[in-house]
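Visitor: Take this structure first; my questions come after.
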Amino acid sequence: LFVFFLSGVLFILWHGAPSFWSFFGPILVASAFGEAYPPAVTTAIGQYVPKHQTGRSIALIRLAINLGMTAAPALGGFIAVSMGYGGLFWIDGVTCLLAAVYLAAVSWNGRKRIKEAPEIVELPEKEETVVAPFRNGQYMIYLLATLIMSFAFMQWFYSVPVFIKDEWGYDERYIGVLMALNCVLIVLIEMPAIHAIEKKLLVKKFVILGLALIGLCYLPFLLRGALVWCVVSALLFSLGEIFYLPFNNSIAINMSPAKRRGDYMAWYWMTWSMSKILAPTIGLGFIGLFGYESFWVLLGLLTGVSLWMHVKVL
């Protein structure tokens with residue numbers, strides 16, 4: 001609620017920013033507090049969703065996000081052209097505030113229904129040994145495996161577009177189509193796929209399959225430049241993301257003790273934030289020194305290391 005409300009206010013403030021510093025200030029505040037949303041959402045899933053359904057819950061959230069990412073560029077461009085960027089900031093701000101109001105209303109109704117429901121006598125839960133995330137060795141190994149994988153994963157958004165344009169000569173139109181293909185596949189496939197995988201208790205096997213597909217998706221770029229290899233890479237990457245990412249999140253939720261789930265989820269999302277810093281800086285720096293071919297091979301090796309670590313932890 002806090003993040004939705006703050007984001008709404010800041011979008012409206014950005015609209016009237018008269019100088020660089022008045023624009024920079026709200027961005028700094030949004031960056032400092034806006035990332036509280038993912039840990040809060042995943043903590044809520046851990047509290048309210050049974051462990052065997054956390055994967056499909058994450059997939060449902062990702063479905064909503066990808067639907068928004070699919071529609072946002074077209075709607076945003078239309079609003080910017082017809083109403084100007086001022087109108088775009090206002091609409092973004094109002095929609096965030098409406099989301100806060102809606103979430104508050106739904107949460108209040110949900111608590112009301114829980115209070116009115118007949119009392120259910122539950123068996124006492126087994127006492128958990130609660131330790132801080134950084135003292136949980138297995139969880140730290142899992143986060144390290146996630147960091148290695150996320151470094152390779154993020155290259156699709158940082159290094160691949162540069163490579164496709166500079167080395168193979170395909171402009172932004174083709175890059176946009178590939179990114180859109182990724183979102184469309186997630187929207188169409190992920191939810192039913194995750195539901196079936198969880199129902200048949202095949203989570204570990206598909207996590208490993210997803211890791212392998214993400215590692216393989218960069219190998220077509222070792223071949224001679226052709227649009228078909230871009231499409232093959234996009235398909236491999238999208239399937240790897242579908243099979244791996246929801247379960248990567250749900251496993252972290254299920255590994256965290258209920259009493260400190262917020263701490264554990266904060267560490268998890270810090271790992272992904274770290275990869276967003278390391279992926280472009282180290283990745284593009286490595287490419288500048290050793291070239292793209294060496295980098296694609298390196299990503300395959302890193303994915304293999306992460307896959308081995310996942311096998312040991314899961």
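Following the order of the structure tokens, first chain is A, next is B, and so on, with residues numbered from 1 inside each chain and ligands from 1 in the order they appear.
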Taking 5 positions as the minimum chain separation for residues in the same chain, which residues sit within 12 Å of stretch 232-238 of chain A when counting only C-alpha atoms? Answer as a ChimeraX atom specification.

Guide: /A:152-157,160-161,164,174-190,209-223,226-227,243-245,296

Visitor: Can I get the selection written as a short mmCIF file (atom, residue, chain, number, x, y, z; two decimals), in the first residue's frame, with N, CA and C atoms?

Guide:
data_model
loop_
_atom_site.label_atom_id
_atom_site.label_comp_id
_atom_site.auth_asym_id
_atom_site.auth_seq_id
_atom_site.Cartn_x
_atom_site.Cartn_y
_atom_site.Cartn_z
N ALA A 152 23.54 -14.33 -15.87
CA ALA A 152 23.39 -14.84 -17.23
C ALA A 152 22.02 -14.47 -17.81
N PHE A 153 21.00 -14.56 -16.99
CA PHE A 153 19.63 -14.28 -17.42
C PHE A 153 19.49 -12.84 -17.92
N MET A 154 20.05 -11.89 -17.17
CA MET A 154 19.86 -10.48 -17.51
C MET A 154 20.57 -10.07 -18.79
N GLN A 155 21.52 -10.89 -19.27
CA GLN A 155 22.22 -10.53 -20.50
C GLN A 155 21.29 -10.47 -21.71
N TRP A 156 20.17 -11.20 -21.62
CA TRP A 156 19.20 -11.14 -22.72
C TRP A 156 18.69 -9.73 -22.92
N PHE A 157 18.60 -8.97 -21.85
CA PHE A 157 18.05 -7.61 -21.92
C PHE A 157 19.15 -6.55 -22.08
N VAL A 160 22.35 -8.83 -25.42
CA VAL A 160 21.80 -9.38 -26.66
C VAL A 160 21.30 -8.29 -27.61
N PRO A 161 20.51 -7.28 -27.13
CA PRO A 161 20.09 -6.24 -28.08
C PRO A 161 21.26 -5.50 -28.74
N ILE A 164 22.73 -7.96 -31.38
CA ILE A 164 21.87 -8.12 -32.55
C ILE A 164 21.96 -6.90 -33.47
N TYR A 174 13.30 -5.23 -35.02
CA TYR A 174 13.46 -6.66 -34.79
C TYR A 174 13.69 -6.97 -33.30
N ILE A 175 14.45 -6.10 -32.65
CA ILE A 175 14.69 -6.28 -31.22
C ILE A 175 13.37 -6.18 -30.46
N GLY A 176 12.54 -5.20 -30.84
CA GLY A 176 11.24 -5.05 -30.19
C GLY A 176 10.34 -6.26 -30.39
N VAL A 177 10.37 -6.83 -31.61
CA VAL A 177 9.56 -8.02 -31.89
C VAL A 177 10.02 -9.19 -31.03
N LEU A 178 11.32 -9.37 -30.87
CA LEU A 178 11.85 -10.47 -30.05
C LEU A 178 11.43 -10.31 -28.59
N MET A 179 11.51 -9.07 -28.08
CA MET A 179 11.11 -8.82 -26.69
C MET A 179 9.60 -9.05 -26.53
N ALA A 180 8.83 -8.63 -27.53
CA ALA A 180 7.38 -8.85 -27.47
C ALA A 180 7.05 -10.33 -27.53
N LEU A 181 7.81 -11.09 -28.34
CA LEU A 181 7.61 -12.54 -28.43
C LEU A 181 7.81 -13.19 -27.07
N ASN A 182 8.81 -12.73 -26.34
CA ASN A 182 9.05 -13.24 -24.99
C ASN A 182 7.85 -13.01 -24.08
N CYS A 183 7.29 -11.80 -24.10
CA CYS A 183 6.13 -11.49 -23.26
C CYS A 183 4.91 -12.31 -23.68
N VAL A 184 4.69 -12.45 -24.98
CA VAL A 184 3.52 -13.18 -25.47
C VAL A 184 3.59 -14.65 -25.05
N LEU A 185 4.75 -15.26 -25.18
CA LEU A 185 4.91 -16.66 -24.79
C LEU A 185 4.66 -16.85 -23.30
N ILE A 186 5.13 -15.92 -22.48
CA ILE A 186 4.91 -16.00 -21.04
C ILE A 186 3.42 -15.91 -20.74
N VAL A 187 2.73 -14.98 -21.38
CA VAL A 187 1.30 -14.81 -21.14
C VAL A 187 0.52 -16.06 -21.55
N LEU A 188 0.89 -16.67 -22.68
CA LEU A 188 0.13 -17.80 -23.20
C LEU A 188 0.46 -19.12 -22.51
N ILE A 189 1.72 -19.32 -22.13
CA ILE A 189 2.17 -20.64 -21.71
C ILE A 189 2.37 -20.78 -20.20
N GLU A 190 2.89 -19.73 -19.55
CA GLU A 190 3.44 -19.91 -18.20
C GLU A 190 2.42 -20.41 -17.19
N LEU A 209 15.59 -28.06 -16.06
CA LEU A 209 15.35 -27.87 -17.50
C LEU A 209 15.38 -26.40 -17.86
N GLY A 210 14.74 -25.56 -17.04
CA GLY A 210 14.73 -24.13 -17.29
C GLY A 210 16.12 -23.53 -17.27
N LEU A 211 16.94 -23.96 -16.29
CA LEU A 211 18.32 -23.49 -16.22
C LEU A 211 19.09 -23.88 -17.48
N ALA A 212 18.91 -25.12 -17.91
CA ALA A 212 19.62 -25.59 -19.10
C ALA A 212 19.21 -24.79 -20.34
N LEU A 213 17.93 -24.50 -20.49
CA LEU A 213 17.45 -23.76 -21.65
C LEU A 213 17.99 -22.33 -21.67
N ILE A 214 18.08 -21.71 -20.48
CA ILE A 214 18.63 -20.35 -20.42
C ILE A 214 20.10 -20.36 -20.83
N GLY A 215 20.85 -21.39 -20.38
CA GLY A 215 22.24 -21.50 -20.79
C GLY A 215 22.40 -21.73 -22.28
N LEU A 216 21.50 -22.53 -22.86
CA LEU A 216 21.58 -22.85 -24.29
C LEU A 216 21.14 -21.70 -25.19
N CYS A 217 20.34 -20.78 -24.66
CA CYS A 217 19.74 -19.75 -25.52
C CYS A 217 20.78 -18.81 -26.12
N TYR A 218 21.99 -18.73 -25.54
CA TYR A 218 23.00 -17.83 -26.07
C TYR A 218 23.88 -18.50 -27.13
N LEU A 219 23.84 -19.83 -27.21
CA LEU A 219 24.71 -20.54 -28.14
C LEU A 219 24.38 -20.29 -29.61
N PRO A 220 23.09 -20.07 -30.01
CA PRO A 220 22.85 -19.74 -31.43
C PRO A 220 23.59 -18.51 -31.92
N PHE A 221 24.00 -17.62 -30.99
CA PHE A 221 24.72 -16.42 -31.41
C PHE A 221 26.17 -16.73 -31.80
N LEU A 222 26.62 -17.97 -31.59
CA LEU A 222 27.94 -18.39 -32.06
C LEU A 222 27.91 -18.75 -33.55
N LEU A 223 26.71 -18.89 -34.11
CA LEU A 223 26.55 -19.27 -35.51
C LEU A 223 26.55 -18.04 -36.41
N ALA A 226 21.82 -14.67 -38.58
CA ALA A 226 20.58 -14.88 -39.32
C ALA A 226 19.42 -14.66 -38.36
N LEU A 227 18.34 -14.12 -38.87
CA LEU A 227 17.18 -13.81 -38.03
C LEU A 227 16.61 -15.05 -37.39
N PHE A 243 9.96 -21.96 -17.18
CA PHE A 243 10.15 -23.11 -16.32
C PHE A 243 10.96 -22.79 -15.06
N TYR A 244 11.82 -21.78 -15.15
CA TYR A 244 12.74 -21.52 -14.02
C TYR A 244 12.28 -20.42 -13.08
N LEU A 245 11.90 -19.27 -13.64
CA LEU A 245 11.75 -18.08 -12.81
C LEU A 245 10.66 -18.18 -11.74
N TRP A 296 29.50 -15.55 -24.84
CA TRP A 296 28.40 -16.54 -24.91
C TRP A 296 28.83 -17.87 -24.32
#

Visitor: Find the residues around stretch 38-55 of chain A up to 7 Å (only C-alpha atoms counted), leave out those fewer than 5 positions away in its own chain, and share them as a list in words.

Guide: Ile194, Glu198, Pro246, Phe247, Ser250, Ile253, Asn254, Arg261, Gly262, Met265, Ala266 and Trp269 of chain A

Visitor: Within 12 Å of A:Leu147, counting only C-alpha atoms, which residues qualify if same-chain residues fewer than 4 places away don't, as a list in words?

Guide: Met140, Ile141, Tyr142, Leu143, Phe151, Ala152, Phe153, Met154, Asn248, Trp267, Tyr268, Trp269, Met270, Thr271, Trp272, Ser273, Met274, Ser275, Lys276, Ile277, Leu278, Ala279, Leu302, Thr303, Val305, Ser306, Leu307, Met309 and His310 of chain A

Visitor: Those residues with N, CA and C atoms, as a compact mmCIF listing (two decimals), in the first residue's frame please?

Guide:
# COMPACT_ATOMS: atom_id res chain seq x y z
N MET A 140 22.00 -19.21 1.70
CA MET A 140 23.03 -18.39 1.08
C MET A 140 23.58 -19.05 -0.19
N ILE A 141 23.73 -20.37 -0.17
CA ILE A 141 24.17 -21.08 -1.37
C ILE A 141 23.12 -20.92 -2.47
N TYR A 142 21.86 -21.01 -2.08
CA TYR A 142 20.78 -20.84 -3.06
C TYR A 142 20.80 -19.44 -3.66
N LEU A 143 21.03 -18.43 -2.82
CA LEU A 143 21.10 -17.06 -3.33
C LEU A 143 22.30 -16.87 -4.25
N PHE A 151 22.74 -13.28 -13.38
CA PHE A 151 23.73 -12.56 -14.20
C PHE A 151 23.63 -13.00 -15.65
N ALA A 152 23.54 -14.33 -15.87
CA ALA A 152 23.39 -14.84 -17.23
C ALA A 152 22.02 -14.47 -17.81
N PHE A 153 21.00 -14.56 -16.99
CA PHE A 153 19.63 -14.28 -17.42
C PHE A 153 19.49 -12.84 -17.92
N MET A 154 20.05 -11.89 -17.17
CA MET A 154 19.86 -10.48 -17.51
C MET A 154 20.57 -10.07 -18.79
N ASN A 248 12.05 -20.44 -9.06
CA ASN A 248 13.16 -19.81 -8.36
C ASN A 248 12.65 -18.94 -7.23
N TRP A 267 16.51 -10.30 1.17
CA TRP A 267 17.80 -10.79 0.70
C TRP A 267 17.66 -11.36 -0.71
N TYR A 268 16.58 -12.07 -0.95
CA TYR A 268 16.36 -12.65 -2.28
C TYR A 268 16.30 -11.55 -3.35
N TRP A 269 15.51 -10.52 -3.09
CA TRP A 269 15.37 -9.46 -4.09
C TRP A 269 16.61 -8.58 -4.17
N MET A 270 17.37 -8.49 -3.08
CA MET A 270 18.66 -7.81 -3.15
C MET A 270 19.60 -8.53 -4.12
N THR A 271 19.51 -9.87 -4.14
CA THR A 271 20.33 -10.65 -5.06
C THR A 271 20.01 -10.30 -6.51
N TRP A 272 18.72 -10.19 -6.83
CA TRP A 272 18.34 -9.82 -8.19
C TRP A 272 18.73 -8.38 -8.50
N SER A 273 18.63 -7.49 -7.52
CA SER A 273 19.05 -6.10 -7.74
C SER A 273 20.55 -6.03 -8.00
N MET A 274 21.31 -6.86 -7.28
CA MET A 274 22.76 -6.90 -7.50
C MET A 274 23.08 -7.36 -8.92
N SER A 275 22.31 -8.32 -9.41
CA SER A 275 22.57 -8.82 -10.77
C SER A 275 22.29 -7.72 -11.80
N LYS A 276 21.33 -6.84 -11.52
CA LYS A 276 21.03 -5.74 -12.44
C LYS A 276 22.17 -4.73 -12.48
N ILE A 277 22.97 -4.68 -11.42
CA ILE A 277 24.15 -3.81 -11.40
C ILE A 277 25.32 -4.49 -12.10
N LEU A 278 25.53 -5.77 -11.77
CA LEU A 278 26.70 -6.49 -12.27
C LEU A 278 26.56 -6.88 -13.73
N ALA A 279 25.33 -7.24 -14.15
CA ALA A 279 25.15 -7.79 -15.50
C ALA A 279 25.60 -6.83 -16.60
N LEU A 302 28.73 -20.47 -16.81
CA LEU A 302 28.15 -19.95 -15.57
C LEU A 302 26.80 -20.61 -15.28
N THR A 303 26.01 -20.79 -16.32
CA THR A 303 24.72 -21.45 -16.14
C THR A 303 24.91 -22.88 -15.66
N VAL A 305 27.40 -23.96 -13.81
CA VAL A 305 27.77 -23.88 -12.39
C VAL A 305 26.53 -23.67 -11.53
N SER A 306 25.67 -22.75 -11.96
CA SER A 306 24.44 -22.49 -11.21
C SER A 306 23.56 -23.73 -11.18
N LEU A 307 23.48 -24.44 -12.30
CA LEU A 307 22.67 -25.66 -12.36
C LEU A 307 23.18 -26.69 -11.36
N MET A 309 24.86 -26.12 -8.61
CA MET A 309 24.56 -25.64 -7.26
C MET A 309 23.08 -25.87 -6.91
N HIS A 310 22.20 -25.65 -7.88
CA HIS A 310 20.78 -25.90 -7.64
C HIS A 310 20.52 -27.37 -7.33

Visitor: Can you pull out every residue from stretch 137-263 of chain A that DSSP, working from the backbone, puts in alpha helix (DSSP H), and format the result as a VMD selection string?

Guide: chain A and resid 137 to 166 172 to 185 191 to 199 203 to 216 227 to 255 261 to 263

Visitor: How many Å lie between atom CA of A:Asp166 and atom CA of A:Gly291, rounded to one decimal?

Guide: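 Separation of atom CA of A:Asp166 and atom CA of A:Gly291: 12.4 Å.
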
Visitor: Can you work out which one of A:Leu75, A:Val131, A:Ala30, A:Ser57 has the shortest atom-to-atom distance to A:Pro257, counting only C-alpha atoms?

Guide: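 Ranking A:Leu75, A:Val131, A:Ala30, A:Ser57 by distance to A:Pro257, first place goes to A:Val131.
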